[in-house]
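K.L.:
Okay, so here is coords.cif, and as you'll see once you scroll down, it has mmCIF, N, CA and C atoms.
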```cif
data_entry
#
loop_
_atom_site.label_atom_id
_atom_site.label_comp_id
_atom_site.auth_asym_id
_atom_site.auth_seq_id
_atom_site.Cartn_x
_atom_site.Cartn_y
_atom_site.Cartn_z
N MET A 1 0.84 -1.19 0.00
CA MET A 1 0.00 0.00 0.00
C MET A 1 0.88 1.25 0.00
N VAL A 2 0.46 2.27 -0.71
CA VAL A 2 1.21 3.52 -0.83
C VAL A 2 1.09 4.31 0.48
N LYS A 3 2.11 5.11 0.76
CA LYS A 3 2.09 5.95 1.96
C LYS A 3 0.86 6.86 1.96
N VAL A 4 0.17 6.89 3.10
CA VAL A 4 -1.08 7.64 3.21
C VAL A 4 -0.76 9.10 3.52
N LYS A 5 -1.40 10.02 2.83
CA LYS A 5 -1.22 11.46 3.07
C LYS A 5 -2.39 11.97 3.92
N ALA A 6 -2.07 12.78 4.92
CA ALA A 6 -3.08 13.27 5.84
C ALA A 6 -4.10 14.17 5.14
N TYR A 7 -3.64 15.00 4.21
CA TYR A 7 -4.58 15.92 3.55
C TYR A 7 -5.57 15.16 2.68
N GLU A 8 -5.17 13.99 2.18
CA GLU A 8 -6.11 13.16 1.41
C GLU A 8 -7.13 12.51 2.34
N LEU A 9 -6.68 12.14 3.53
CA LEU A 9 -7.58 11.49 4.49
C LEU A 9 -8.66 12.45 4.98
N ARG A 10 -8.32 13.72 5.10
CA ARG A 10 -9.29 14.70 5.65
C ARG A 10 -10.50 14.87 4.75
N THR A 11 -10.36 14.57 3.47
CA THR A 11 -11.49 14.73 2.55
C THR A 11 -12.44 13.52 2.60
N LYS A 12 -11.98 12.41 3.19
CA LYS A 12 -12.78 11.19 3.19
C LYS A 12 -13.82 11.21 4.30
N SER A 13 -14.86 10.37 4.14
CA SER A 13 -15.91 10.28 5.16
C SER A 13 -15.45 9.34 6.28
N LYS A 14 -16.25 9.32 7.34
CA LYS A 14 -15.89 8.50 8.50
C LYS A 14 -15.88 7.01 8.15
N GLY A 15 -16.84 6.57 7.35
CA GLY A 15 -16.91 5.17 6.93
C GLY A 15 -15.70 4.75 6.10
N ASP A 16 -15.29 5.63 5.19
CA ASP A 16 -14.12 5.34 4.37
C ASP A 16 -12.86 5.23 5.23
N LEU A 17 -12.76 6.12 6.21
CA LEU A 17 -11.60 6.09 7.10
C LEU A 17 -11.56 4.79 7.90
N GLN A 18 -12.73 4.36 8.39
CA GLN A 18 -12.79 3.11 9.16
C GLN A 18 -12.38 1.93 8.28
N LYS A 19 -12.85 1.93 7.03
CA LYS A 19 -12.53 0.85 6.10
C LYS A 19 -11.02 0.83 5.83
N GLN A 20 -10.44 2.00 5.60
CA GLN A 20 -9.01 2.08 5.34
C GLN A 20 -8.21 1.63 6.56
N LEU A 21 -8.69 1.98 7.75
CA LEU A 21 -8.03 1.57 8.99
C LEU A 21 -8.02 0.05 9.12
N ASP A 22 -9.18 -0.58 8.83
CA ASP A 22 -9.26 -2.05 8.88
C ASP A 22 -8.30 -2.68 7.88
N ASP A 23 -8.24 -2.13 6.67
CA ASP A 23 -7.33 -2.66 5.65
C ASP A 23 -5.88 -2.58 6.11
N LEU A 24 -5.51 -1.43 6.67
CA LEU A 24 -4.13 -1.25 7.14
C LEU A 24 -3.80 -2.21 8.28
N LYS A 25 -4.76 -2.44 9.16
CA LYS A 25 -4.52 -3.35 10.28
C LYS A 25 -4.35 -4.79 9.81
N THR A 26 -5.16 -5.20 8.83
CA THR A 26 -5.00 -6.56 8.30
C THR A 26 -3.65 -6.69 7.58
N GLU A 27 -3.27 -5.64 6.86
CA GLU A 27 -1.98 -5.66 6.18
C GLU A 27 -0.83 -5.77 7.18
N LEU A 28 -0.96 -5.03 8.29
CA LEU A 28 0.08 -5.08 9.32
C LEU A 28 0.18 -6.48 9.93
N SER A 29 -0.96 -7.11 10.19
CA SER A 29 -0.92 -8.46 10.75
C SER A 29 -0.28 -9.44 9.76
N GLN A 30 -0.56 -9.30 8.48
CA GLN A 30 0.07 -10.16 7.46
C GLN A 30 1.58 -9.94 7.41
N LEU A 31 2.00 -8.68 7.53
CA LEU A 31 3.43 -8.38 7.51
C LEU A 31 4.13 -8.97 8.74
N ARG A 32 3.46 -8.95 9.87
CA ARG A 32 4.04 -9.51 11.09
C ARG A 32 4.17 -11.03 10.99
N VAL A 33 3.18 -11.65 10.35
CA VAL A 33 3.27 -13.09 10.12
C VAL A 33 4.45 -13.38 9.20
N ALA A 34 4.61 -12.56 8.16
CA ALA A 34 5.73 -12.74 7.24
C ALA A 34 7.07 -12.56 7.94
N LYS A 35 7.10 -11.65 8.93
CA LYS A 35 8.32 -11.42 9.69
C LYS A 35 8.70 -12.66 10.49
N VAL A 36 7.70 -13.30 11.12
CA VAL A 36 7.95 -14.48 11.94
C VAL A 36 8.38 -15.66 11.06
N THR A 37 7.75 -15.81 9.91
CA THR A 37 8.05 -16.93 9.02
C THR A 37 9.30 -16.69 8.20
N GLY A 38 9.92 -15.52 8.34
CA GLY A 38 11.16 -15.24 7.61
C GLY A 38 10.90 -14.70 6.22
N GLY A 39 10.08 -13.66 6.13
CA GLY A 39 9.73 -13.08 4.84
C GLY A 39 10.84 -12.23 4.27
N ALA A 40 10.59 -11.63 3.15
CA ALA A 40 11.57 -10.80 2.46
C ALA A 40 11.85 -9.52 3.25
N ALA A 41 13.01 -8.95 3.00
CA ALA A 41 13.43 -7.72 3.69
C ALA A 41 12.52 -6.55 3.33
N SER A 42 11.97 -6.56 2.12
CA SER A 42 11.10 -5.46 1.70
C SER A 42 9.83 -5.43 2.55
N LYS A 43 9.35 -6.63 2.93
CA LYS A 43 8.15 -6.69 3.78
C LYS A 43 8.46 -6.21 5.19
N LEU A 44 9.64 -6.53 5.66
CA LEU A 44 10.02 -6.11 7.02
C LEU A 44 10.14 -4.60 7.11
N SER A 45 10.66 -3.98 6.05
CA SER A 45 10.79 -2.52 6.07
C SER A 45 9.44 -1.83 5.89
N LYS A 46 8.47 -2.57 5.37
CA LYS A 46 7.15 -1.98 5.12
C LYS A 46 6.32 -1.89 6.41
N ILE A 47 6.69 -2.65 7.45
CA ILE A 47 5.95 -2.65 8.72
C ILE A 47 5.90 -1.24 9.31
N LYS A 48 7.04 -0.57 9.30
CA LYS A 48 7.10 0.80 9.86
C LYS A 48 6.16 1.74 9.11
N GLU A 49 6.18 1.65 7.81
CA GLU A 49 5.34 2.52 6.98
C GLU A 49 3.85 2.29 7.26
N VAL A 50 3.44 1.02 7.41
CA VAL A 50 2.04 0.70 7.67
C VAL A 50 1.63 1.19 9.05
N ARG A 51 2.54 1.04 10.03
CA ARG A 51 2.23 1.53 11.38
C ARG A 51 2.02 3.04 11.39
N LYS A 52 2.86 3.75 10.68
CA LYS A 52 2.72 5.21 10.59
C LYS A 52 1.43 5.59 9.88
N SER A 53 1.05 4.83 8.86
CA SER A 53 -0.20 5.11 8.14
C SER A 53 -1.40 4.91 9.04
N ILE A 54 -1.36 3.84 9.87
CA ILE A 54 -2.45 3.60 10.84
C ILE A 54 -2.55 4.78 11.79
N ALA A 55 -1.41 5.26 12.25
CA ALA A 55 -1.40 6.40 13.17
C ALA A 55 -2.00 7.64 12.51
N ARG A 56 -1.69 7.86 11.23
CA ARG A 56 -2.24 9.02 10.51
C ARG A 56 -3.76 8.92 10.41
N VAL A 57 -4.26 7.74 10.08
CA VAL A 57 -5.71 7.56 9.95
C VAL A 57 -6.39 7.81 11.29
N LEU A 58 -5.83 7.24 12.37
CA LEU A 58 -6.41 7.44 13.70
C LEU A 58 -6.37 8.91 14.11
N THR A 59 -5.29 9.59 13.76
CA THR A 59 -5.18 11.02 14.09
C THR A 59 -6.24 11.83 13.37
N VAL A 60 -6.45 11.55 12.09
CA VAL A 60 -7.45 12.29 11.32
C VAL A 60 -8.85 12.02 11.89
N ILE A 61 -9.12 10.77 12.28
CA ILE A 61 -10.43 10.42 12.86
C ILE A 61 -10.65 11.20 14.16
N SER A 62 -9.63 11.20 15.04
CA SER A 62 -9.79 11.89 16.32
C SER A 62 -9.92 13.40 16.15
N HIS A 63 -9.18 13.97 15.19
CA HIS A 63 -9.29 15.41 14.92
C HIS A 63 -10.70 15.77 14.44
N ALA A 64 -11.26 14.91 13.60
CA ALA A 64 -12.61 15.16 13.10
C ALA A 64 -13.63 15.10 14.23
N GLN A 65 -13.46 14.12 15.13
CA GLN A 65 -14.37 14.01 16.27
C GLN A 65 -14.28 15.24 17.16
N ARG A 66 -13.04 15.67 17.45
CA ARG A 66 -12.86 16.85 18.30
C ARG A 66 -13.45 18.11 17.65
N ALA A 67 -13.30 18.23 16.34
CA ALA A 67 -13.85 19.40 15.64
C ALA A 67 -15.37 19.41 15.73
N ASN A 68 -15.99 18.24 15.58
CA ASN A 68 -17.45 18.15 15.70
C ASN A 68 -17.91 18.48 17.11
N LEU A 69 -17.19 17.97 18.11
CA LEU A 69 -17.55 18.27 19.50
C LEU A 69 -17.37 19.76 19.80
N ALA A 70 -16.30 20.35 19.30
CA ALA A 70 -16.06 21.78 19.53
C ALA A 70 -17.19 22.60 18.92
N LYS A 71 -17.65 22.19 17.75
CA LYS A 71 -18.76 22.89 17.10
C LYS A 71 -20.04 22.76 17.92
N LEU A 72 -20.24 21.58 18.51
CA LEU A 72 -21.43 21.32 19.31
C LEU A 72 -21.45 22.17 20.57
N TYR A 73 -20.29 22.30 21.24
CA TYR A 73 -20.21 23.03 22.50
C TYR A 73 -19.85 24.50 22.33
N GLU A 74 -19.81 24.99 21.09
CA GLU A 74 -19.34 26.34 20.82
C GLU A 74 -20.14 27.42 21.55
N LYS A 75 -21.46 27.34 21.55
CA LYS A 75 -22.30 28.39 22.12
C LYS A 75 -22.66 28.14 23.58
N ARG A 76 -22.27 26.99 24.12
CA ARG A 76 -22.63 26.66 25.50
C ARG A 76 -21.71 27.35 26.49
N LYS A 77 -22.20 27.49 27.73
CA LYS A 77 -21.42 28.17 28.75
C LYS A 77 -20.26 27.30 29.22
N PHE A 78 -20.51 26.01 29.43
CA PHE A 78 -19.48 25.10 29.92
C PHE A 78 -19.10 24.10 28.85
N LYS A 79 -17.79 23.81 28.76
CA LYS A 79 -17.28 22.85 27.79
C LYS A 79 -16.62 21.70 28.55
N PRO A 80 -16.51 20.54 27.92
CA PRO A 80 -15.75 19.45 28.55
C PRO A 80 -14.29 19.89 28.74
N LEU A 81 -13.63 19.30 29.73
CA LEU A 81 -12.27 19.72 30.07
C LEU A 81 -11.30 19.61 28.91
N ASP A 82 -11.44 18.56 28.10
CA ASP A 82 -10.48 18.37 27.02
C ASP A 82 -10.70 19.34 25.86
N LEU A 83 -11.82 20.06 25.84
CA LEU A 83 -12.06 21.05 24.78
C LEU A 83 -11.73 22.46 25.23
N ARG A 84 -11.46 22.63 26.52
CA ARG A 84 -11.11 23.96 27.03
C ARG A 84 -9.67 24.31 26.68
N VAL A 85 -9.37 25.61 26.76
CA VAL A 85 -8.02 26.08 26.49
C VAL A 85 -7.12 25.65 27.64
N LYS A 86 -5.95 25.12 27.33
CA LYS A 86 -5.07 24.56 28.36
C LYS A 86 -4.39 25.65 29.19
N LYS A 87 -3.56 26.46 28.57
CA LYS A 87 -2.78 27.51 29.24
C LYS A 87 -2.05 26.94 30.46
N THR A 88 -1.97 27.71 31.56
CA THR A 88 -1.39 27.18 32.80
C THR A 88 -2.44 27.28 33.89
N ARG A 89 -2.22 26.56 34.96
CA ARG A 89 -3.20 26.54 36.04
C ARG A 89 -3.39 27.94 36.62
N ALA A 90 -2.28 28.66 36.79
CA ALA A 90 -2.35 30.01 37.35
C ALA A 90 -3.14 30.95 36.45
N ILE A 91 -2.94 30.86 35.15
CA ILE A 91 -3.65 31.73 34.22
C ILE A 91 -5.14 31.39 34.22
N ARG A 92 -5.47 30.11 34.29
CA ARG A 92 -6.88 29.73 34.30
C ARG A 92 -7.59 30.21 35.57
N ARG A 93 -6.86 30.31 36.69
CA ARG A 93 -7.47 30.74 37.94
C ARG A 93 -7.53 32.26 38.08
N ARG A 94 -6.75 32.97 37.25
CA ARG A 94 -6.66 34.42 37.34
C ARG A 94 -8.00 35.08 37.04
N LEU A 95 -8.22 36.27 37.60
CA LEU A 95 -9.43 37.02 37.31
C LEU A 95 -9.47 37.40 35.84
N THR A 96 -10.68 37.44 35.30
CA THR A 96 -10.82 37.88 33.92
C THR A 96 -10.61 39.39 33.86
N LYS A 97 -10.47 39.94 32.67
CA LYS A 97 -10.26 41.39 32.50
C LYS A 97 -11.45 42.15 33.08
N PHE A 98 -12.66 41.62 32.82
CA PHE A 98 -13.87 42.26 33.32
C PHE A 98 -13.88 42.28 34.85
N GLU A 99 -13.54 41.14 35.46
CA GLU A 99 -13.56 41.04 36.93
C GLU A 99 -12.51 41.93 37.57
N SER A 100 -11.34 42.02 36.95
CA SER A 100 -10.27 42.82 37.55
C SER A 100 -10.53 44.32 37.43
N GLU A 101 -11.28 44.75 36.42
CA GLU A 101 -11.58 46.17 36.24
C GLU A 101 -12.79 46.62 37.04
N LYS A 102 -13.53 45.69 37.61
CA LYS A 102 -14.73 46.03 38.36
C LYS A 102 -14.37 46.75 39.66
N LYS A 103 -15.18 47.71 40.05
CA LYS A 103 -14.95 48.46 41.28
C LYS A 103 -16.15 48.31 42.20
N THR A 104 -15.88 48.41 43.50
CA THR A 104 -16.98 48.37 44.46
C THR A 104 -17.72 49.70 44.41
N GLU A 105 -18.92 49.70 44.95
CA GLU A 105 -19.72 50.93 44.97
C GLU A 105 -19.00 52.01 45.77
N ARG A 106 -18.37 51.59 46.86
CA ARG A 106 -17.66 52.53 47.71
C ARG A 106 -16.47 53.16 46.97
N GLN A 107 -15.73 52.34 46.21
CA GLN A 107 -14.59 52.85 45.47
C GLN A 107 -15.03 53.81 44.36
N VAL A 108 -16.17 53.53 43.73
CA VAL A 108 -16.70 54.42 42.68
C VAL A 108 -17.03 55.78 43.28
N LYS A 109 -17.69 55.78 44.44
CA LYS A 109 -18.03 57.04 45.12
C LYS A 109 -16.77 57.81 45.49
N LYS A 110 -15.78 57.08 46.03
CA LYS A 110 -14.53 57.70 46.44
C LYS A 110 -13.83 58.36 45.25
N ASP A 111 -13.83 57.65 44.12
CA ASP A 111 -13.18 58.18 42.92
C ASP A 111 -13.89 59.43 42.39
N THR A 112 -15.23 59.44 42.45
CA THR A 112 -15.96 60.59 41.90
C THR A 112 -15.86 61.81 42.81
N HIS A 113 -15.87 61.61 44.12
CA HIS A 113 -15.88 62.75 45.05
C HIS A 113 -14.49 63.27 45.38
N PHE A 114 -13.50 62.41 45.32
CA PHE A 114 -12.13 62.83 45.66
C PHE A 114 -11.21 62.50 44.48
N LYS A 115 -11.29 63.34 43.48
CA LYS A 115 -10.46 63.14 42.29
C LYS A 115 -9.00 63.43 42.63
N LEU A 116 -8.10 62.82 41.88
CA LEU A 116 -6.67 63.01 42.09
C LEU A 116 -6.30 64.44 41.68
N LYS A 117 -5.66 65.14 42.60
CA LYS A 117 -5.29 66.53 42.34
C LYS A 117 -3.90 66.58 41.72
N ARG A 118 -3.72 67.49 40.75
CA ARG A 118 -2.42 67.63 40.08
C ARG A 118 -1.88 69.03 40.37
N TYR A 119 -0.61 69.07 40.64
CA TYR A 119 0.04 70.35 40.93
C TYR A 119 1.24 70.51 40.01
N ALA A 120 1.42 71.74 39.50
CA ALA A 120 2.60 72.04 38.69
C ALA A 120 3.69 72.54 39.61
N VAL A 121 4.85 71.91 39.52
CA VAL A 121 5.96 72.30 40.38
C VAL A 121 7.11 72.74 39.49
N LYS A 122 7.66 73.92 39.79
CA LYS A 122 8.75 74.43 38.99
C LYS A 122 10.06 73.81 39.49
N ALA A 123 10.82 73.26 38.56
CA ALA A 123 12.09 72.63 38.92
C ALA A 123 13.19 73.66 38.91
N GLU A 124 14.29 73.37 39.62
CA GLU A 124 15.39 74.31 39.70
C GLU A 124 16.12 74.46 38.38
N ALA A 125 16.16 73.40 37.59
CA ALA A 125 16.94 73.43 36.35
C ALA A 125 16.22 74.22 35.26
N GLY A 126 15.03 74.65 35.52
CA GLY A 126 14.32 75.47 34.56
C GLY A 126 13.24 74.71 33.79
N THR A 127 13.10 73.40 34.02
CA THR A 127 12.06 72.63 33.33
C THR A 127 10.93 72.38 34.31
N ALA A 128 9.72 72.48 33.81
CA ALA A 128 8.56 72.25 34.66
C ALA A 128 8.28 70.75 34.74
N ARG A 129 7.91 70.27 35.92
CA ARG A 129 7.61 68.86 36.12
C ARG A 129 6.27 68.76 36.83
N GLU A 130 5.46 67.80 36.44
CA GLU A 130 4.13 67.66 37.03
C GLU A 130 4.17 66.54 38.06
N VAL A 131 3.74 66.84 39.28
CA VAL A 131 3.70 65.86 40.36
C VAL A 131 2.25 65.77 40.82
N SER A 132 1.77 64.56 41.09
CA SER A 132 0.37 64.45 41.47
C SER A 132 0.23 63.84 42.86
N GLY A 133 -0.89 64.10 43.48
CA GLY A 133 -1.27 63.44 44.72
C GLY A 133 -0.72 64.11 45.95
N GLU A 134 -0.71 63.35 47.05
CA GLU A 134 -0.35 63.88 48.36
C GLU A 134 1.14 64.18 48.47
N SER A 135 1.97 63.42 47.75
CA SER A 135 3.41 63.63 47.86
C SER A 135 3.79 65.06 47.44
N ALA A 136 3.03 65.64 46.51
CA ALA A 136 3.32 67.02 46.07
C ALA A 136 2.97 68.00 47.19
N GLN A 137 1.93 67.70 47.95
CA GLN A 137 1.53 68.58 49.05
C GLN A 137 2.58 68.57 50.15
N ARG A 138 3.17 67.40 50.39
CA ARG A 138 4.16 67.28 51.45
C ARG A 138 5.56 67.70 50.99
N GLY A 139 5.71 67.91 49.69
CA GLY A 139 6.99 68.33 49.17
C GLY A 139 7.91 67.16 48.85
N GLU A 140 7.37 65.96 48.84
CA GLU A 140 8.19 64.79 48.54
C GLU A 140 8.20 64.56 47.02
N GLY A 141 9.34 64.27 46.51
CA GLY A 141 9.45 64.01 45.07
C GLY A 141 9.60 62.55 44.76
N GLY A 142 9.62 61.71 45.76
CA GLY A 142 9.76 60.28 45.51
C GLY A 142 11.22 59.88 45.57
N LYS A 143 11.55 58.81 44.93
CA LYS A 143 12.90 58.24 45.01
C LYS A 143 13.95 59.14 44.38
N TRP A 144 13.64 59.77 43.26
CA TRP A 144 14.64 60.55 42.52
C TRP A 144 14.47 62.06 42.67
N GLY A 145 13.49 62.49 43.41
CA GLY A 145 13.27 63.93 43.44
C GLY A 145 13.42 64.46 44.74
#
```
Mind turning the file's structure into structure tokens?
P.N.:
Amino acid sequence: MVKVKAYELRTKSKGDLQKQLDDLKTELSQLRVAKVTGGAASKLSKIKEVRKSIARVLTVISHAQRANLAKLYEKRKFKPLDLRVKKTRAIRRRLTKFESEKKTERQVKKDTHFKLKRYAVKAEAGTAREVSGESAQRGEGGKWG
């Protein structure tokens, strides 16, 4: 049998793939029998190729199944674990962008009533620098000022 190409397998139906898989498995068993009985070297080298072809067919079948399942669960709120995005455990547990940007009612009131004050401070070198908040009121410039 000729080496199986994955792009050719993707165009086939599920029944055709199953039939091809059965054919490859029977061929592999025949090659193994030939190996035990002392068959030709060409048959022995063909075992690897048939095994790889079986793996390709199984891979295409599983990819098709996963694609169909992903389509089925696309609009649902919860997906099976194997269809979810893997990432890392820490990233999956992290707050979403929406959750992290949310503010409490008290914080919203605080922000609206006590806006951050900005003060213009003249620097000695002749360039103006803008400092904000309480540190400007106390005259503190921070680490470098």
K.L.:
Any chance you could resolve the PyMOL selection byres ((chain A and resi 49-51) around 8) against this file and give the residues as an MDAnalysis selection string?
P.N.:
chainID A and resid 1:4 24:25 27:28 44:48 52:57
K.L.:
Restricting the output to N, CA and C atoms, write the selected residues as a JSON list (two decimals), in the coordinates of the input.
P.N.:
```
[["chain", "number", "residue", "atom", "x", "y", "z"],
["A", 1, "MET", "N", 0.84, -1.19, 0.00],
["A", 1, "MET", "CA", 0.00, 0.00, 0.00],
["A", 1, "MET", "C", 0.88, 1.25, 0.00],
["A", 2, "VAL", "N", 0.46, 2.27, -0.71],
["A", 2, "VAL", "CA", 1.21, 3.52, -0.83],
["A", 2, "VAL", "C", 1.09, 4.31, 0.48],
["A", 3, "LYS", "N", 2.11, 5.11, 0.76],
["A", 3, "LYS", "CA", 2.09, 5.95, 1.96],
["A", 3, "LYS", "C", 0.86, 6.86, 1.96],
["A", 4, "VAL", "N", 0.17, 6.89, 3.10],
["A", 4, "VAL", "CA", -1.08, 7.64, 3.21],
["A", 4, "VAL", "C", -0.76, 9.10, 3.52],
["A", 24, "LEU", "N", -5.51, -1.43, 6.67],
["A", 24, "LEU", "CA", -4.13, -1.25, 7.14],
["A", 24, "LEU", "C", -3.80, -2.21, 8.28],
["A", 25, "LYS", "N", -4.76, -2.44, 9.16],
["A", 25, "LYS", "CA", -4.52, -3.35, 10.28],
["A", 25, "LYS", "C", -4.35, -4.79, 9.81],
["A", 27, "GLU", "N", -3.27, -5.64, 6.86],
["A", 27, "GLU", "CA", -1.98, -5.66, 6.18],
["A", 27, "GLU", "C", -0.83, -5.77, 7.18],
["A", 28, "LEU", "N", -0.96, -5.03, 8.29],
["A", 28, "LEU", "CA", 0.08, -5.08, 9.32],
["A", 28, "LEU", "C", 0.18, -6.48, 9.93],
["A", 44, "LEU", "N", 9.64, -6.53, 5.66],
["A", 44, "LEU", "CA", 10.02, -6.11, 7.02],
["A", 44, "LEU", "C", 10.14, -4.60, 7.11],
["A", 45, "SER", "N", 10.66, -3.98, 6.05],
["A", 45, "SER", "CA", 10.79, -2.52, 6.07],
["A", 45, "SER", "C", 9.44, -1.83, 5.89],
["A", 46, "LYS", "N", 8.47, -2.57, 5.37],
["A", 46, "LYS", "CA", 7.15, -1.98, 5.12],
["A", 46, "LYS", "C", 6.32, -1.89, 6.41],
["A", 47, "ILE", "N", 6.69, -2.65, 7.45],
["A", 47, "ILE", "CA", 5.95, -2.65, 8.72],
["A", 47, "ILE", "C", 5.90, -1.24, 9.31],
["A", 48, "LYS", "N", 7.04, -0.57, 9.30],
["A", 48, "LYS", "CA", 7.10, 0.80, 9.86],
["A", 48, "LYS", "C", 6.16, 1.74, 9.11],
["A", 52, "LYS", "N", 2.86, 3.75, 10.68],
["A", 52, "LYS", "CA", 2.72, 5.21, 10.59],
["A", 52, "LYS", "C", 1.43, 5.59, 9.88],
["A", 53, "SER", "N", 1.05, 4.83, 8.86],
["A", 53, "SER", "CA", -0.20, 5.11, 8.14],
["A", 53, "SER", "C", -1.40, 4.91, 9.04],
["A", 54, "ILE", "N", -1.36, 3.84, 9.87],
["A", 54, "ILE", "CA", -2.45, 3.60, 10.84],
["A", 54, "ILE", "C", -2.55, 4.78, 11.79],
["A", 55, "ALA", "N", -1.41, 5.26, 12.25],
["A", 55, "ALA", "CA", -1.40, 6.40, 13.17],
["A", 55, "ALA", "C", -2.00, 7.64, 12.51],
["A", 56, "ARG", "N", -1.69, 7.86, 11.23],
["A", 56, "ARG", "CA", -2.24, 9.02, 10.51],
["A", 56, "ARG", "C", -3.76, 8.92, 10.41],
["A", 57, "VAL", "N", -4.26, 7.74, 10.08],
["A", 57, "VAL", "CA", -5.71, 7.56, 9.95],
["A", 57, "VAL", "C", -6.39, 7.81, 11.29]]
```
K.L.:
With all atoms listed in the file as the basis for distance, which of A:Lys79, A:Val85, A:Val60, A:Leu31 is at the shortest distance from A:Arg10?
P.N.:
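So, comparing all the options, the nearest one is A:Val60.
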K.L.:
Could you work out how far atom CA of A:Asp23 lies from atom C of A:Gly39, giving the answer in Å with one decimal?
P.N.:
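Between these atoms lies a distance of 20.6 Å.
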K.L.:
Using atom CA of A:Leu21 and atom CA of A:Leu58 as the two end points, give the distance in Å to one decimal.
P.N.:
7.7 Å
K.L.:
Calculate how many Å separate atom C of A:Lys14 from atom C of A:Asn68, rounding to one decimal.
P.N.:
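It comes out at 14.7 Å.
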K.L.:
Give the strand (DSSP E or B) residues of chain A, as assigned by DSSP on the backbone, as an NGL selection string.
P.N.:
:A and (118-122 or 128-132)
K.L.:
Rebuild N, CA, C and O atoms on stretch 54-66 of chain A, as a PDB file, keeping the file's coordinate frame?
P.N.:
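Listing of part_10.pdb after writing:
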```pdb
ATOM      1  N   ILE A  54      -1.360   3.840   9.870  1.00  0.00           N
ATOM      2  CA  ILE A  54      -2.450   3.600  10.840  1.00  0.00           C
ATOM      3  C   ILE A  54      -2.550   4.780  11.790  1.00  0.00           C
ATOM      4  O   ILE A  54      -3.652   5.273  12.083  1.00  0.00           O
ATOM      5  N   ALA A  55      -1.410   5.260  12.250  1.00  0.00           N
ATOM      6  CA  ALA A  55      -1.400   6.400  13.170  1.00  0.00           C
ATOM      7  C   ALA A  55      -2.000   7.640  12.510  1.00  0.00           C
ATOM      8  O   ALA A  55      -2.762   8.384  13.136  1.00  0.00           O
ATOM      9  N   ARG A  56      -1.690   7.860  11.230  1.00  0.00           N
ATOM     10  CA  ARG A  56      -2.240   9.020  10.510  1.00  0.00           C
ATOM     11  C   ARG A  56      -3.760   8.920  10.410  1.00  0.00           C
ATOM     12  O   ARG A  56      -4.469   9.912  10.632  1.00  0.00           O
ATOM     13  N   VAL A  57      -4.260   7.740  10.080  1.00  0.00           N
ATOM     14  CA  VAL A  57      -5.710   7.560   9.950  1.00  0.00           C
ATOM     15  C   VAL A  57      -6.390   7.810  11.290  1.00  0.00           C
ATOM     16  O   VAL A  57      -7.410   8.522  11.379  1.00  0.00           O
ATOM     17  N   LEU A  58      -5.830   7.240  12.370  1.00  0.00           N
ATOM     18  CA  LEU A  58      -6.410   7.440  13.700  1.00  0.00           C
ATOM     19  C   LEU A  58      -6.370   8.910  14.110  1.00  0.00           C
ATOM     20  O   LEU A  58      -7.316   9.422  14.728  1.00  0.00           O
ATOM     21  N   THR A  59      -5.290   9.590  13.760  1.00  0.00           N
ATOM     22  CA  THR A  59      -5.180  11.020  14.090  1.00  0.00           C
ATOM     23  C   THR A  59      -6.240  11.830  13.370  1.00  0.00           C
ATOM     24  O   THR A  59      -6.889  12.693  13.974  1.00  0.00           O
ATOM     25  N   VAL A  60      -6.450  11.550  12.090  1.00  0.00           N
ATOM     26  CA  VAL A  60      -7.450  12.290  11.320  1.00  0.00           C
ATOM     27  C   VAL A  60      -8.850  12.020  11.890  1.00  0.00           C
ATOM     28  O   VAL A  60      -9.669  12.939  12.021  1.00  0.00           O
ATOM     29  N   ILE A  61      -9.120  10.770  12.280  1.00  0.00           N
ATOM     30  CA  ILE A  61     -10.430  10.420  12.860  1.00  0.00           C
ATOM     31  C   ILE A  61     -10.650  11.200  14.160  1.00  0.00           C
ATOM     32  O   ILE A  61     -11.711  11.795  14.381  1.00  0.00           O
ATOM     33  N   SER A  62      -9.630  11.200  15.040  1.00  0.00           N
ATOM     34  CA  SER A  62      -9.790  11.890  16.320  1.00  0.00           C
ATOM     35  C   SER A  62      -9.920  13.400  16.150  1.00  0.00           C
ATOM     36  O   SER A  62     -10.689  14.054  16.859  1.00  0.00           O
ATOM     37  N   HIS A  63      -9.180  13.970  15.190  1.00  0.00           N
ATOM     38  CA  HIS A  63      -9.290  15.410  14.920  1.00  0.00           C
ATOM     39  C   HIS A  63     -10.700  15.770  14.440  1.00  0.00           C
ATOM     40  O   HIS A  63     -11.258  16.794  14.837  1.00  0.00           O
ATOM     41  N   ALA A  64     -11.260  14.910  13.600  1.00  0.00           N
ATOM     42  CA  ALA A  64     -12.610  15.160  13.100  1.00  0.00           C
ATOM     43  C   ALA A  64     -13.630  15.100  14.230  1.00  0.00           C
ATOM     44  O   ALA A  64     -14.544  15.935  14.322  1.00  0.00           O
ATOM     45  N   GLN A  65     -13.460  14.120  15.130  1.00  0.00           N
ATOM     46  CA  GLN A  65     -14.370  14.010  16.270  1.00  0.00           C
ATOM     47  C   GLN A  65     -14.280  15.240  17.160  1.00  0.00           C
ATOM     48  O   GLN A  65     -15.291  15.784  17.609  1.00  0.00           O
ATOM     49  N   ARG A  66     -13.040  15.670  17.450  1.00  0.00           N
ATOM     50  CA  ARG A  66     -12.860  16.850  18.300  1.00  0.00           C
ATOM     51  C   ARG A  66     -13.450  18.110  17.650  1.00  0.00           C
ATOM     52  O   ARG A  66     -14.031  18.956  18.324  1.00  0.00           O
TER      53      ARG A  66
END
```
